[in-house]
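Engineer: Quick one: the structure is below, questions incoming.
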Amino acid sequence: MSNNAPASKKIFVLNAVVIAAIFALFATIIYLVARMTQPLPIASTSATTAAERAATLADLRAKENAAATSYGWIDEQKGIVRLPIDRAVELTIQDLNKNRPPVR
C-alpha cells in the first residue's frame, strides 16, 4: 500500500489542479462575456445637455434636408453634381421608360 499512496496523492493533486484551472478558465470567460455585453460609456462632447443635443440634431436635419432638396456640386472637376431627390426620381423614371422593351 505504501507504493500506491504517493501515486494516489499525485493523482489527487493533479485532479485538484485541473479542476482549479477549469474553474479559473470558466470564471475568466464569464468575466469577459459580462464585460463585452455592458454598454459603452457615452463619450463626453460639447453637447452635454438635452437642449444642446436637440439643437445639434435640428441643425443636422436642416443641413440634410437642404442637401436632399437642392442642387450642388459634389466634385466640380469630375462633373459630379447633387440633385434634389424628386428630380433624381423623375430622371430615373424617364430613363427606365426610354429603355423599356416594347410590349408585345
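In the C-alpha cells, chains take letters A, B, ... by order of appearance, with residues numbered from 1 within each chain and ligands from 1 in the order shown.
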Just asking: which residues within stretch 2-93 of chain A are alpha helix (DSSP H) according to DSSP, as an MDAnalysis selection string?
Structural biologist: chainID A and resid 4:37 50:68 85:93
Engineer: Any chance you could list, as an NGL selection string, the residues in stretch 70-101 of chain A that come up strand (DSSP E) when DSSP is run on the backbone?
Structural biologist: :A and (72-75 or 80-82)
Engineer: Work out how far atom CA of A:Arg87 is from atom CA of A:Tyr71, in Å to one decimal.
Structural biologist: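 It comes out at 9.7 Å.
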